[in-house]
file start.txt (compact mmCIF, N, CA and C atoms and all ligand atoms)
# COMPACT_ATOMS: atom_id res chain seq x y z
N MET S 1 80.19 97.15 72.95
CA MET S 1 81.17 98.23 72.79
C MET S 1 82.52 97.65 72.35
N ALA S 2 83.14 98.28 71.36
CA ALA S 2 84.43 97.79 70.87
C ALA S 2 85.51 98.04 71.93
N TYR S 3 86.44 97.12 72.00
CA TYR S 3 87.54 97.24 72.97
C TYR S 3 88.56 98.26 72.46
N ASP S 4 88.93 99.20 73.33
CA ASP S 4 89.94 100.21 72.98
C ASP S 4 91.27 99.78 73.58
N ASP S 5 92.21 99.36 72.74
CA ASP S 5 93.46 98.84 73.30
C ASP S 5 94.41 99.94 73.79
N GLN S 6 93.92 101.17 73.77
CA GLN S 6 94.70 102.28 74.35
C GLN S 6 94.23 102.62 75.77
N ASN S 7 93.31 101.81 76.33
CA ASN S 7 92.85 102.11 77.69
C ASN S 7 94.00 101.87 78.69
N ILE S 8 93.86 102.49 79.86
CA ILE S 8 94.96 102.48 80.85
C ILE S 8 95.36 101.07 81.26
N PHE S 9 94.38 100.19 81.46
CA PHE S 9 94.74 98.85 81.92
C PHE S 9 95.39 98.03 80.82
N ALA S 10 95.02 98.28 79.56
CA ALA S 10 95.70 97.60 78.45
C ALA S 10 97.16 98.03 78.42
N LYS S 11 97.40 99.31 78.71
CA LYS S 11 98.79 99.82 78.72
C LYS S 11 99.57 99.22 79.90
N ILE S 12 98.89 99.07 81.05
CA ILE S 12 99.55 98.42 82.19
C ILE S 12 99.88 96.98 81.83
N LEU S 13 98.94 96.28 81.19
CA LEU S 13 99.18 94.87 80.81
C LEU S 13 100.36 94.75 79.84
N ARG S 14 100.53 95.74 78.97
CA ARG S 14 101.63 95.68 78.00
C ARG S 14 102.94 96.23 78.59
N GLY S 15 102.87 96.70 79.85
CA GLY S 15 104.07 97.23 80.49
C GLY S 15 104.40 98.65 80.04
N GLU S 16 103.43 99.33 79.42
CA GLU S 16 103.68 100.69 78.94
C GLU S 16 103.43 101.73 80.04
N LEU S 17 102.67 101.33 81.05
CA LEU S 17 102.44 102.18 82.22
C LEU S 17 102.76 101.36 83.47
N PRO S 18 103.26 102.02 84.52
CA PRO S 18 103.60 101.27 85.73
C PRO S 18 102.36 100.92 86.56
N ALA S 19 102.51 99.93 87.40
CA ALA S 19 101.45 99.58 88.36
C ALA S 19 102.11 98.91 89.54
N ILE S 20 101.49 99.02 90.69
CA ILE S 20 101.99 98.33 91.89
C ILE S 20 101.31 96.97 91.89
N LYS S 21 102.02 95.99 91.36
CA LYS S 21 101.43 94.66 91.13
C LYS S 21 101.46 93.82 92.40
N ILE S 22 100.43 93.01 92.57
CA ILE S 22 100.43 92.10 93.72
C ILE S 22 100.33 90.63 93.29
N TYR S 23 99.84 90.38 92.08
CA TYR S 23 99.72 88.99 91.61
C TYR S 23 99.71 89.01 90.09
N GLU S 24 100.37 88.02 89.50
CA GLU S 24 100.29 87.89 88.03
C GLU S 24 100.49 86.45 87.63
N ASP S 25 99.67 85.99 86.70
CA ASP S 25 99.93 84.72 86.03
C ASP S 25 99.64 84.91 84.55
N ASP S 26 99.53 83.83 83.80
CA ASP S 26 99.36 84.01 82.35
C ASP S 26 97.98 84.54 81.96
N GLN S 27 97.02 84.51 82.88
CA GLN S 27 95.66 84.92 82.53
C GLN S 27 95.14 86.15 83.27
N VAL S 28 95.75 86.44 84.41
CA VAL S 28 95.19 87.48 85.29
C VAL S 28 96.31 88.35 85.87
N LEU S 29 95.99 89.63 86.09
CA LEU S 29 96.89 90.55 86.80
C LEU S 29 96.11 91.22 87.93
N ALA S 30 96.73 91.34 89.09
CA ALA S 30 96.13 92.09 90.20
C ALA S 30 97.11 93.17 90.61
N PHE S 31 96.59 94.36 90.86
CA PHE S 31 97.44 95.49 91.24
C PHE S 31 96.64 96.46 92.10
N MET S 32 97.35 97.39 92.71
CA MET S 32 96.70 98.33 93.62
C MET S 32 96.03 99.45 92.84
N ASP S 33 94.89 99.89 93.33
CA ASP S 33 94.19 101.03 92.73
C ASP S 33 94.94 102.31 93.08
N ILE S 34 95.13 103.15 92.08
CA ILE S 34 95.92 104.37 92.27
C ILE S 34 95.13 105.45 93.03
N MET S 35 93.79 105.34 93.00
CA MET S 35 92.93 106.30 93.71
C MET S 35 92.00 105.52 94.64
N PRO S 36 92.59 104.96 95.71
CA PRO S 36 91.84 103.99 96.52
C PRO S 36 90.63 104.58 97.23
N GLN S 37 89.59 103.76 97.33
CA GLN S 37 88.39 104.16 98.08
C GLN S 37 88.50 103.74 99.54
N ALA S 38 89.56 103.02 99.85
CA ALA S 38 89.91 102.65 101.23
C ALA S 38 91.33 102.09 101.16
N ASP S 39 92.01 102.05 102.29
CA ASP S 39 93.35 101.45 102.33
C ASP S 39 93.27 100.01 101.84
N GLY S 40 94.18 99.63 100.95
CA GLY S 40 94.22 98.24 100.49
C GLY S 40 93.38 97.96 99.26
N HIS S 41 92.81 99.00 98.66
CA HIS S 41 91.96 98.84 97.46
C HIS S 41 92.78 98.24 96.32
N ALA S 42 92.37 97.07 95.86
CA ALA S 42 93.08 96.37 94.80
C ALA S 42 92.14 96.09 93.63
N LEU S 43 92.75 95.83 92.47
CA LEU S 43 91.99 95.53 91.26
C LEU S 43 92.49 94.21 90.69
N VAL S 44 91.57 93.41 90.19
CA VAL S 44 91.93 92.14 89.55
C VAL S 44 91.37 92.18 88.14
N ILE S 45 92.25 91.95 87.15
CA ILE S 45 91.79 92.01 85.75
C ILE S 45 92.21 90.77 84.98
N PRO S 46 91.32 90.28 84.12
CA PRO S 46 91.73 89.23 83.20
C PRO S 46 92.59 89.86 82.11
N LYS S 47 93.48 89.07 81.52
CA LYS S 47 94.35 89.64 80.48
C LYS S 47 93.67 89.72 79.12
N VAL S 48 92.60 88.95 78.94
CA VAL S 48 91.91 88.99 77.65
C VAL S 48 91.22 90.35 77.49
N PRO S 49 91.19 90.85 76.24
CA PRO S 49 90.54 92.14 76.03
C PRO S 49 89.02 92.03 76.10
N ALA S 50 88.43 92.59 77.14
CA ALA S 50 86.97 92.62 77.28
C ALA S 50 86.65 93.93 78.01
N VAL S 51 85.64 94.61 77.57
CA VAL S 51 85.31 95.91 78.15
C VAL S 51 84.67 95.75 79.52
N SER S 52 83.73 94.82 79.62
CA SER S 52 83.00 94.70 80.89
C SER S 52 82.71 93.22 81.16
N LEU S 53 82.13 92.98 82.30
CA LEU S 53 81.77 91.60 82.66
C LEU S 53 80.81 91.00 81.63
N LEU S 54 80.03 91.87 81.01
CA LEU S 54 79.01 91.39 80.08
C LEU S 54 79.59 90.79 78.81
N ASP S 55 80.81 91.17 78.46
CA ASP S 55 81.40 90.57 77.25
C ASP S 55 82.67 89.78 77.55
N LEU S 56 82.84 89.40 78.81
CA LEU S 56 83.97 88.53 79.19
C LEU S 56 83.56 87.07 78.99
N ALA S 57 84.40 86.29 78.32
CA ALA S 57 84.07 84.88 78.07
C ALA S 57 83.89 84.16 79.41
N PRO S 58 82.91 83.26 79.51
CA PRO S 58 82.63 82.57 80.78
C PRO S 58 83.85 81.90 81.40
N ASP S 59 84.69 81.27 80.59
CA ASP S 59 85.89 80.61 81.14
C ASP S 59 86.82 81.62 81.80
N ALA S 60 87.01 82.75 81.13
CA ALA S 60 87.88 83.80 81.68
C ALA S 60 87.25 84.38 82.95
N ALA S 61 85.94 84.54 82.95
CA ALA S 61 85.25 85.05 84.14
C ALA S 61 85.42 84.08 85.30
N ALA S 62 85.27 82.80 85.01
CA ALA S 62 85.37 81.78 86.06
C ALA S 62 86.77 81.75 86.65
N TYR S 63 87.78 81.84 85.79
CA TYR S 63 89.15 81.81 86.30
C TYR S 63 89.45 83.09 87.10
N THR S 64 89.02 84.21 86.55
CA THR S 64 89.31 85.49 87.22
C THR S 64 88.71 85.53 88.62
N ILE S 65 87.50 85.00 88.77
CA ILE S 65 86.86 85.08 90.08
C ILE S 65 87.61 84.18 91.10
N GLN S 66 88.26 83.14 90.61
CA GLN S 66 89.08 82.33 91.52
C GLN S 66 90.25 83.16 92.06
N ILE S 67 90.82 83.97 91.18
CA ILE S 67 91.94 84.82 91.63
C ILE S 67 91.43 85.95 92.50
N VAL S 68 90.23 86.45 92.19
CA VAL S 68 89.61 87.47 93.04
C VAL S 68 89.50 86.93 94.47
N GLN S 69 89.06 85.68 94.59
CA GLN S 69 88.92 85.08 95.93
C GLN S 69 90.29 84.96 96.61
N LYS S 70 91.29 84.50 95.84
CA LYS S 70 92.64 84.32 96.39
C LYS S 70 93.20 85.65 96.88
N VAL S 71 93.04 86.70 96.09
CA VAL S 71 93.55 88.01 96.49
C VAL S 71 92.77 88.55 97.69
N ALA S 72 91.45 88.30 97.70
CA ALA S 72 90.63 88.75 98.84
C ALA S 72 91.11 88.08 100.13
N GLN S 73 91.42 86.79 100.04
CA GLN S 73 91.92 86.09 101.23
C GLN S 73 93.25 86.68 101.69
N ALA S 74 94.10 87.03 100.73
CA ALA S 74 95.40 87.62 101.08
C ALA S 74 95.21 89.00 101.71
N ILE S 75 94.26 89.78 101.18
CA ILE S 75 93.99 91.10 101.76
C ILE S 75 93.49 90.95 103.19
N GLU S 76 92.62 89.98 103.40
CA GLU S 76 92.09 89.77 104.76
C GLU S 76 93.24 89.48 105.73
N THR S 77 94.13 88.57 105.31
CA THR S 77 95.26 88.19 106.15
C THR S 77 96.23 89.35 106.34
N ALA S 78 96.60 89.96 105.22
CA ALA S 78 97.68 90.96 105.26
C ALA S 78 97.27 92.23 105.99
N LEU S 79 96.03 92.64 105.81
CA LEU S 79 95.61 93.94 106.35
C LEU S 79 94.63 93.79 107.50
N ASP S 80 94.42 92.54 107.92
CA ASP S 80 93.48 92.26 109.00
C ASP S 80 92.11 92.88 108.68
N ALA S 81 91.68 92.70 107.45
CA ALA S 81 90.41 93.29 107.01
C ALA S 81 89.24 92.58 107.67
N LYS S 82 88.35 93.37 108.22
CA LYS S 82 87.16 92.80 108.86
C LYS S 82 86.06 92.55 107.85
N GLY S 83 86.16 93.20 106.70
CA GLY S 83 85.18 93.00 105.64
C GLY S 83 85.78 93.49 104.34
N ILE S 84 85.33 92.91 103.23
CA ILE S 84 85.86 93.32 101.92
C ILE S 84 84.68 93.53 100.97
N VAL S 85 84.66 94.70 100.35
CA VAL S 85 83.64 94.98 99.33
C VAL S 85 84.18 94.54 97.98
N LEU S 86 83.44 93.66 97.30
CA LEU S 86 83.77 93.26 95.92
C LEU S 86 82.86 94.08 95.01
N MET S 87 83.48 94.89 94.14
CA MET S 87 82.69 95.79 93.28
C MET S 87 83.09 95.59 91.83
N GLN S 88 82.12 95.56 90.97
CA GLN S 88 82.40 95.42 89.53
C GLN S 88 81.43 96.33 88.79
N LEU S 89 81.96 97.31 88.08
CA LEU S 89 81.12 98.25 87.35
C LEU S 89 81.17 97.91 85.87
N SER S 90 80.02 97.65 85.28
CA SER S 90 79.94 97.34 83.85
C SER S 90 79.19 98.46 83.15
N GLY S 91 79.92 99.26 82.37
CA GLY S 91 79.30 100.34 81.60
C GLY S 91 79.46 101.69 82.27
N SER S 92 79.66 102.70 81.44
CA SER S 92 79.83 104.05 81.99
C SER S 92 78.58 104.50 82.74
N ALA S 93 77.43 103.96 82.38
CA ALA S 93 76.20 104.32 83.09
C ALA S 93 76.24 103.83 84.54
N ALA S 94 77.07 102.79 84.78
CA ALA S 94 77.23 102.28 86.15
C ALA S 94 78.35 103.01 86.88
N GLY S 95 79.12 103.83 86.14
CA GLY S 95 80.23 104.55 86.74
C GLY S 95 81.58 104.00 86.32
N GLN S 96 81.60 103.02 85.41
CA GLN S 96 82.88 102.46 84.95
C GLN S 96 83.68 103.55 84.23
N THR S 97 84.94 103.69 84.65
CA THR S 97 85.77 104.73 84.05
C THR S 97 86.91 104.17 83.19
N VAL S 98 87.28 102.92 83.41
CA VAL S 98 88.34 102.30 82.59
C VAL S 98 87.72 101.13 81.83
N PRO S 99 87.72 101.20 80.49
CA PRO S 99 87.00 100.20 79.69
C PRO S 99 87.77 98.90 79.45
N HIS S 100 88.28 98.33 80.53
CA HIS S 100 88.82 96.95 80.52
C HIS S 100 88.27 96.32 81.78
N VAL S 101 87.56 95.21 81.65
CA VAL S 101 86.85 94.62 82.79
C VAL S 101 87.78 94.41 83.99
N HIS S 102 87.27 94.78 85.18
CA HIS S 102 88.06 94.61 86.40
C HIS S 102 87.16 94.46 87.61
N PHE S 103 87.70 93.80 88.60
CA PHE S 103 87.00 93.58 89.87
C PHE S 103 87.74 94.38 90.95
N HIS S 104 86.98 95.20 91.66
CA HIS S 104 87.55 95.96 92.78
C HIS S 104 87.44 95.11 94.04
N LEU S 105 88.51 95.06 94.81
CA LEU S 105 88.48 94.48 96.16
C LEU S 105 88.82 95.60 97.12
N ILE S 106 87.85 95.98 97.94
CA ILE S 106 88.04 97.15 98.81
C ILE S 106 87.79 96.73 100.26
N PRO S 107 88.88 96.64 101.04
CA PRO S 107 88.71 96.26 102.44
C PRO S 107 88.09 97.41 103.24
N SER S 108 86.79 97.39 103.32
CA SER S 108 86.05 98.46 103.96
C SER S 108 84.61 98.00 104.13
N SER S 109 83.76 98.96 104.43
CA SER S 109 82.32 98.70 104.50
C SER S 109 81.63 99.49 103.39
N ILE S 110 80.57 98.97 102.86
CA ILE S 110 79.80 99.69 101.83
C ILE S 110 79.35 101.05 102.35
N HIS S 111 79.26 101.17 103.68
CA HIS S 111 78.80 102.42 104.29
C HIS S 111 79.94 103.43 104.49
N GLN S 112 81.17 102.98 104.23
CA GLN S 112 82.31 103.86 104.52
C GLN S 112 83.24 104.08 103.33
N LEU S 113 82.81 103.67 102.14
CA LEU S 113 83.69 103.80 100.98
C LEU S 113 83.97 105.26 100.67
N GLY S 114 85.24 105.54 100.28
CA GLY S 114 85.56 106.87 99.79
C GLY S 114 84.97 107.06 98.40
N LYS S 115 85.11 108.26 97.87
CA LYS S 115 84.57 108.54 96.54
C LYS S 115 85.33 107.75 95.48
N HIS S 116 84.64 107.45 94.38
CA HIS S 116 85.17 106.58 93.34
C HIS S 116 86.10 107.33 92.38
N ALA S 117 87.36 106.85 92.31
CA ALA S 117 88.32 107.34 91.30
C ALA S 117 88.44 108.87 91.31
N ILE S 118 88.59 109.43 92.50
CA ILE S 118 88.63 110.89 92.62
C ILE S 118 90.01 111.38 93.05
N GLN S 119 90.56 110.75 94.09
CA GLN S 119 91.76 111.32 94.70
C GLN S 119 92.91 110.32 94.70
N MET S 120 94.08 110.79 94.24
CA MET S 120 95.26 109.94 94.25
C MET S 120 95.61 109.55 95.68
N GLY S 121 95.97 108.28 95.86
CA GLY S 121 96.39 107.82 97.17
C GLY S 121 97.87 108.13 97.38
N ASP S 122 98.31 107.93 98.61
CA ASP S 122 99.73 108.08 98.96
C ASP S 122 100.46 106.85 98.44
N GLN S 123 101.29 107.06 97.42
CA GLN S 123 101.89 105.91 96.72
C GLN S 123 102.81 105.08 97.62
N GLU S 124 103.50 105.74 98.56
CA GLU S 124 104.37 104.98 99.47
C GLU S 124 103.54 104.09 100.39
N LYS S 125 102.42 104.63 100.85
CA LYS S 125 101.52 103.86 101.71
C LYS S 125 100.94 102.67 100.92
N ILE S 126 100.57 102.93 99.68
CA ILE S 126 100.00 101.87 98.84
C ILE S 126 101.04 100.78 98.58
N LYS S 127 102.28 101.21 98.36
CA LYS S 127 103.37 100.22 98.14
C LYS S 127 103.55 99.33 99.36
N ALA S 128 103.45 99.93 100.55
CA ALA S 128 103.61 99.15 101.79
C ALA S 128 102.47 98.14 101.94
N GLN S 129 101.26 98.56 101.60
CA GLN S 129 100.12 97.63 101.66
C GLN S 129 100.31 96.49 100.65
N ALA S 130 100.78 96.85 99.46
CA ALA S 130 100.99 95.84 98.41
C ALA S 130 102.02 94.80 98.86
N GLU S 131 103.06 95.29 99.52
CA GLU S 131 104.11 94.38 100.01
C GLU S 131 103.52 93.33 100.96
N LYS S 132 102.64 93.79 101.85
CA LYS S 132 102.01 92.87 102.81
C LYS S 132 101.10 91.89 102.08
N ILE S 133 100.35 92.37 101.10
CA ILE S 133 99.43 91.48 100.36
C ILE S 133 100.23 90.43 99.58
N ARG S 134 101.31 90.88 98.93
CA ARG S 134 102.17 89.94 98.19
C ARG S 134 102.72 88.87 99.12
N ALA S 135 103.13 89.29 100.31
CA ALA S 135 103.70 88.33 101.27
C ALA S 135 102.64 87.30 101.65
N ALA S 136 101.40 87.75 101.87
CA ALA S 136 100.33 86.81 102.23
C ALA S 136 100.02 85.87 101.06
N LEU S 137 100.11 86.38 99.84
CA LEU S 137 99.84 85.53 98.66
C LEU S 137 100.93 84.46 98.50
N ASN S 138 102.13 84.80 98.91
CA ASN S 138 103.26 83.87 98.72
C ASN S 138 103.48 82.97 99.93
N ALA S 139 102.70 83.18 101.00
CA ALA S 139 102.92 82.41 102.23
C ALA S 139 102.46 80.96 102.05
P1 LIG A 201 86.06 101.77 87.25
O1 LIG A 201 85.53 103.17 87.40
O2 LIG A 201 86.36 101.53 85.79
O3 LIG A 201 85.20 100.70 87.85
O4 LIG A 201 87.40 101.69 88.06
C1 LIG A 201 88.62 102.08 87.54
C2 LIG A 201 89.58 102.16 88.71
O5 LIG A 201 90.88 102.30 88.20
C3 LIG A 201 89.31 103.34 89.64
O6 LIG A 201 89.12 102.86 90.96
C4 LIG A 201 90.57 104.18 89.51
O7 LIG A 201 90.95 104.75 90.73
C5 LIG A 201 91.59 103.20 89.00
N1 LIG A 201 92.60 103.77 88.14
C6 LIG A 201 92.45 104.72 87.19
N2 LIG A 201 93.62 104.94 86.57
C7 LIG A 201 94.53 104.12 87.13
C8 LIG A 201 95.92 103.90 86.90
O8 LIG A 201 96.58 104.50 86.05
N3 LIG A 201 96.51 102.95 87.69
C9 LIG A 201 95.83 102.27 88.65
N4 LIG A 201 96.53 101.37 89.36
N5 LIG A 201 94.52 102.45 88.89
C10 LIG A 201 93.89 103.37 88.14
call {"tool": "encode", "arguments": {"input": "start.txt", "output": "structure tokens"}}
result
Amino acid sequence: MAYDDQNIFAKILRGELPAIKIYEDDQVLAFMDIMPQADGHALVIPKVPAVSLLDLAPDAAAYTIQIVQKVAQAIETALDAKGIVLMQLSGSAAGQTVPHVHFHLIPSSIHQLGKHAIQMGDQEKIKAQAEKIRAALNA
């Protein structure tokens, strides 16, 4: 599938749309999900244009997963998460709604996840969670 550079995450990467960011370097951005499936739901995306995991270059995938681990550790510390669901949807048939590859980190149980990309979260609450995660990342 061709990459659409007008997708929401491409716009966030270009600074055209806002996001509650928790981590950024030259290759990866992590930010809070706007419609969380649990408190603390975060997303980690590589900056290279790739629609899904299936067309992400192996080097970029390898680096991104290192940051996924780092952010997961920060979520565990910051939010006292007892478990974290790592979710990655590749293709609309799997339920992918934003065509820029991303990894979901959801501090919850697979048995207790809220519905996917349905309801806007409380932005002030999400900002407070992001602040704690950023602090853990910088500790
Ligand atoms: P997907 O369905 O592609 O695996 O996941 C896309 C995720 O992006 C969903 O969890 C959805 O809540 C989230 N999302 C959709 N639009 C926005 C947005 O504008 N900002 C942020 N931060 N998250 C978004």
call {"tool": "closest_residue", "arguments": {"input": "start.txt", "among": "S:Lys125, S:Arg134, S:His116, S:Lys11", "to": "S:Ala30", "atoms": "only C-alpha atoms"}}
result
S:Arg134
call {"tool": "residues_near_ligand", "arguments": {"input": "start.txt", "ligand": "ligand LIG 201 (chain A)", "cutoff": "7 Å", "atoms": "all atoms listed in the file", "output": "list in words"}}
result
Ile8, Phe9, Pro18, Ala19, Ile20, Phe31, Met32, Asp33, Ile34, Met35, Pro36, Gln37, Met87, Gln88, Leu89, Ser90, Gly95, Gln96, Thr97, Val98, Pro99, His100, His102, His104, His116, Ala117, Ile118 and Gln119 of chain S
call {"tool": "residues_near_point", "arguments": {"input": "start.txt", "point": "(90.3, 99.8, 101.0)", "cutoff": "6.5 Å", "atoms": "all atoms listed in the file", "output": "count of residues only"}}
result
11
call {"tool": "atom_distance", "arguments": {"input": "start.txt", "atom1": "atom C of S:Ile110", "atom2": "atom C of S:Thr77"}}
result
20.9 Å
call {"tool": "select_by_dssp", "arguments": {"input": "start.txt", "residues": "chain S", "states": "helix (DSSP H, G or I)", "output": "PyMOL selection string"}}
result
chain S and resi 8-13+53-55+58-79+92-94+123-138
call {"tool": "atom_distance", "arguments": {"input": "start.txt", "atom1": "atom CA of S:Ala60", "atom2": "atom CA of S:Asp26"}}
result
11.5 Å
call {"tool": "select_by_dssp", "arguments": {"input": "start.txt", "residues": "chain S", "states": "strand (DSSP E or B)", "output": "ChimeraX atom specification"}}
result
/S:21-24,28-32,42-46,85-87,103-106
call {"tool": "closest_residue", "arguments": {"input": "start.txt", "among": "S:Ile12, S:Val48, S:Leu43, S:Leu54", "to": "S:Val68", "atoms": "only N, CA and C atoms"}}
result
S:Leu43
call {"tool": "residues_around", "arguments": {"input": "start.txt", "residues": "S:Pro46", "least_positions_apart": "5", "cutoff": "10 Å", "atoms": "only C-alpha atoms", "output": "MDAnalysis selection string"}}
result
chainID S and resid 13 24:30 56 60:61 63:65 67 100:103
call {"tool": "atom_distance", "arguments": {"input": "start.txt", "atom1": "atom C of S:Met120", "atom2": "atom CA of S:Asp4"}}
result
25.2 Å
call {"tool": "closest_residue", "arguments": {"input": "start.txt", "among": "S:His111, S:Arg14, S:Lys132, S:Lys21", "to": "S:Glu76", "atoms": "only C-alpha atoms"}}
result
S:Lys132
call {"tool": "closest_residue", "arguments": {"input": "start.txt", "among": "S:Ile75, S:Ala93, S:Leu17, S:Met1", "to": "S:Ile133", "atoms": "only N, CA and C atoms"}}
result
S:Ile75
call {"tool": "decode", "arguments": {"input": "start.txt", "residues": "stretch 74-89 of chain S", "atoms": "N, CA, C and O atoms", "output": "PDB file, in the first residue's frame"}}
result
ATOM      1  N   ALA S  74       9.174   3.017  31.312  1.00  0.00           N
ATOM      2  CA  ALA S  74       8.791   4.292  31.939  1.00  0.00           C
ATOM      3  C   ALA S  74       7.323   4.260  32.359  1.00  0.00           C
ATOM      4  O   ALA S  74       6.960   4.771  33.423  1.00  0.00           O
ATOM      5  N   ILE S  75       6.470   3.661  31.531  1.00  0.00           N
ATOM      6  CA  ILE S  75       5.046   3.551  31.885  1.00  0.00           C
ATOM      7  C   ILE S  75       4.890   2.698  33.142  1.00  0.00           C
ATOM      8  O   ILE S  75       4.123   3.024  34.052  1.00  0.00           O
ATOM      9  N   GLU S  76       5.633   1.611  33.198  1.00  0.00           N
ATOM     10  CA  GLU S  76       5.547   0.737  34.383  1.00  0.00           C
ATOM     11  C   GLU S  76       5.894   1.529  35.641  1.00  0.00           C
ATOM     12  O   GLU S  76       5.184   1.494  36.650  1.00  0.00           O
ATOM     13  N   THR S  77       7.008   2.275  35.562  1.00  0.00           N
ATOM     14  CA  THR S  77       7.459   3.051  36.712  1.00  0.00           C
ATOM     15  C   THR S  77       6.488   4.181  37.041  1.00  0.00           C
ATOM     16  O   THR S  77       6.072   4.351  38.192  1.00  0.00           O
ATOM     17  N   ALA S  78       6.130   4.933  36.010  1.00  0.00           N
ATOM     18  CA  ALA S  78       5.353   6.160  36.237  1.00  0.00           C
ATOM     19  C   ALA S  78       3.942   5.873  36.713  1.00  0.00           C
ATOM     20  O   ALA S  78       3.408   6.601  37.551  1.00  0.00           O
ATOM     21  N   LEU S  79       3.336   4.838  36.172  1.00  0.00           N
ATOM     22  CA  LEU S  79       1.918   4.596  36.454  1.00  0.00           C
ATOM     23  C   LEU S  79       1.705   3.352  37.305  1.00  0.00           C
ATOM     24  O   LEU S  79       0.580   2.915  37.501  1.00  0.00           O
ATOM     25  N   ASP S  80       2.821   2.782  37.768  1.00  0.00           N
ATOM     26  CA  ASP S  80       2.756   1.568  38.586  1.00  0.00           C
ATOM     27  C   ASP S  80       1.946   0.486  37.852  1.00  0.00           C
ATOM     28  O   ASP S  80       1.088  -0.177  38.451  1.00  0.00           O
ATOM     29  N   ALA S  81       2.223   0.340  36.575  1.00  0.00           N
ATOM     30  CA  ALA S  81       1.476  -0.622  35.754  1.00  0.00           C
ATOM     31  C   ALA S  81       1.847  -2.042  36.147  1.00  0.00           C
ATOM     32  O   ALA S  81       3.022  -2.378  36.251  1.00  0.00           O
ATOM     33  N   LYS S  82       0.836  -2.847  36.355  1.00  0.00           N
ATOM     34  CA  LYS S  82       1.072  -4.255  36.713  1.00  0.00           C
ATOM     35  C   LYS S  82       1.255  -5.106  35.472  1.00  0.00           C
ATOM     36  O   LYS S  82       1.764  -6.226  35.538  1.00  0.00           O
ATOM     37  N   GLY S  83       0.817  -4.592  34.335  1.00  0.00           N
ATOM     38  CA  GLY S  83       0.983  -5.304  33.070  1.00  0.00           C
ATOM     39  C   GLY S  83       0.807  -4.312  31.940  1.00  0.00           C
ATOM     40  O   GLY S  83       0.157  -3.284  32.107  1.00  0.00           O
ATOM     41  N   ILE S  84       1.450  -4.592  30.806  1.00  0.00           N
ATOM     42  CA  ILE S  84       1.352  -3.692  29.656  1.00  0.00           C
ATOM     43  C   ILE S  84       1.063  -4.527  28.412  1.00  0.00           C
ATOM     44  O   ILE S  84       1.782  -5.492  28.118  1.00  0.00           O
ATOM     45  N   VAL S  85       0.014  -4.135  27.703  1.00  0.00           N
ATOM     46  CA  VAL S  85      -0.297  -4.796  26.429  1.00  0.00           C
ATOM     47  C   VAL S  85       0.432  -4.054  25.316  1.00  0.00           C
ATOM     48  O   VAL S  85       0.272  -2.836  25.162  1.00  0.00           O
ATOM     49  N   LEU S  86       1.250  -4.787  24.545  1.00  0.00           N
ATOM     50  CA  LEU S  86       1.901  -4.225  23.348  1.00  0.00           C
ATOM     51  C   LEU S  86       1.070  -4.687  22.162  1.00  0.00           C
ATOM     52  O   LEU S  86       0.913  -5.893  21.929  1.00  0.00           O
ATOM     53  N   MET S  87       0.528  -3.711  21.409  1.00  0.00           N
ATOM     54  CA  MET S  87      -0.367  -4.057  20.293  1.00  0.00           C
ATOM     55  C   MET S  87       0.115  -3.370  19.029  1.00  0.00           C
ATOM     56  O   MET S  87       0.530  -2.210  19.061  1.00  0.00           O
ATOM     57  N   GLN S  88       0.091  -4.081  17.942  1.00  0.00           N
ATOM     58  CA  GLN S  88       0.491  -3.499  16.649  1.00  0.00           C
ATOM     59  C   GLN S  88      -0.467  -4.040  15.593  1.00  0.00           C
ATOM     60  O   GLN S  88      -0.537  -5.249  15.372  1.00  0.00           O
ATOM     61  N   LEU S  89      -1.216  -3.148  14.962  1.00  0.00           N
ATOM     62  CA  LEU S  89      -2.179  -3.564  13.949  1.00  0.00           C
ATOM     63  C   LEU S  89      -1.619  -3.236  12.576  1.00  0.00           C
ATOM     64  O   LEU S  89      -1.290  -2.082  12.296  1.00  0.00           O
TER      65      LEU S  89
END
